[in-house]
Each structure stands twice: as C-alpha cells, then as structure tokens.
Amino acid sequence: EIPSGATATQILFAGCRFTLAGILAIIIGSVLNHRILVLKKISWGKIAKLCMLQTVAQYLFFYIGLANTSGVKASIIEGVNVFISILVASLIFHQERLTTRKMAGFAGVVLVNITGGIDMAFTFTGDGFIVLSTIAYAFSSVMIKRYSQGENPVTLSGYQFVLGGLIMVICGLLMGGRLEVITPAGIAMLLYLAVISAVAYSLWGILLKYNPVSRVTVFGFMNPVFGVILS
C-alpha cells in the first residue's frame, strides 16, 4: 500500500529490496561455487563506486524523476540507456569500437520518439533526473565489465547491492519514508522482487564479463516486450 507519489517510501522499500537481493545473491553464489563468496580487501573501493552508480544514483534519480514527469516520457528516456552505455564504453573507457551500425540504431530510437507526439517540455527534477539515472546505469555497466575481470561478477553484484541497499534505506528514512503497512503478501512481494534482482543482476554481470557492452545492453530493448507479455 505505497502510494504512487510517496517517493521517500518507494526509495525505502527499494533499499530493503536491494539489501535482501544482495544477501540472496551472495548465498546463491556461495552454494553454486561451493564456497562462501568473500570480497577481497582491495575490492571494497570498487564496490563503493559500483553501488553508488548501479544502485544508489540510478534508483534515487529514477524514483525522484518519475515523481516529476510522466511514465511515458520516463520510459522513452530510459530506452536510450542502451546507447549511452555504448558511448561510454567506446568513447570514455575504449572497451569497444563505435560503429556506424550502432549509431544508426541510436538515430532510429531518437527518430521514433520525436515523431511519437509526446510533450517535449523538459524539467530538470523530472526528465533531467531520469537522464542522470540512465547515465549512472551506463557507467555501472561499463564498470561491471572492467571490475569483473579480476572479481567474481556474482560477488560484485551481491556486495554492491547490500551496501547500496543500506544507503537507500537510510536515504528513504531521512526523507521521511515509512513502511507502515506490513502484511504476509507484502513480504512475499518483497522476497519475489529481491530474488528477481539477485538473479537478473548476477546474470547481467556474468554476461558483461565475457561479452562487449553493446552486445549485452542491446537486449534492454526487450524489456517493454516482456513487460507487455507478462502484463
């Protein structure tokens, strides 16, 4: 029973979800690897950077931005995150080449959205925050690829979720968020969302370790398709 406009409570709930997701990712990864996934001391700095981008910045900007813009505009802006990831990987981290085909795909997405008849008015705390969310997502994807070369991707996902989730819980509480209605169905939903995050982001990290960023992130275009099918 969290209202759509209760941004602080949504952030608090998301923090609980991601903290639990991190714990589950570490447990599942430990079982699959037949050993407890312990983070190296030198990796805590990487975890701090990763959690601030992948969990804290991405979702704080997303929830606040969503409260100040329409869902349609937010989804359109989020759809460009694939190409922001490619640009970051190519131009800043030089992990792959920026080809004409990749830029043609970006132009296609922009063209479709411009001709979609949406309101083009821009608000910084709304549309701007959604843009910042996609940028945080892009940098986190590239950093996962870099860091996973020397660390287990599941370990990275698990520990960054725990740390990032706890930071979001604190932010949600400081912003006035409260989880006042706690029911068995609500706890079951929290567990379901935590498992989804733990499994999805662990697989995401493994894929990014062995594949170019552009080859993996392009599947983000399937999110709306599966959203419609599951709905």
# chains A, B, ... in the order shown; residues from 1 in each chain; ligands from 1

$ residues_around --residues "region 150-161 of chain A" --least-positions-apart "4" --cutoff "10 Å" --atoms "only C-alpha atoms" --output "PyMOL selection string"
chain A and resi 15+17-30+36-40+43-44+46-56+144-146+165-167+197-209

$ select_by_dssp --residues "region 56-210 of chain A" --states "helix (DSSP H, G or I)" --output "JSON, numbers by chain"
{"A": [56, 57, 58, 59, 60, 61, 62, 63, 64, 65, 66, 71, 72, 73, 74, 75, 76, 77, 78, 81, 82, 83, 84, 85, 86, 87, 88, 89, 90, 91, 92, 100, 101, 102, 103, 104, 105, 106, 107, 108, 109, 110, 111, 112, 113, 114, 124, 125, 126, 127, 128, 129, 130, 131, 132, 133, 134, 135, 136, 137, 138, 139, 140, 141, 142, 143, 144, 145, 146, 147, 153, 154, 155, 156, 157, 158, 159, 160, 161, 162, 163, 164, 165, 166, 167, 168, 169, 170, 171, 172, 173, 174, 184, 185, 186, 187, 188, 189, 190, 191, 192, 193, 194, 195, 196, 197, 198, 199, 200, 201, 202, 203, 204, 205, 206, 207, 208, 209, 210]}

$ atom_distance --atom1 "CA of Ile135 (chain A)" --atom2 "CA of Ile86 (chain A)"
11.0 Å

$ atom_distance --atom1 "CA of Glu1 (chain A)" --atom2 "CA of Arg178 (chain A)"
11.2 Å

$ atom_distance --atom1 "CA of Gly177 (chain A)" --atom2 "CA of Ala8 (chain A)"
4.4 Å
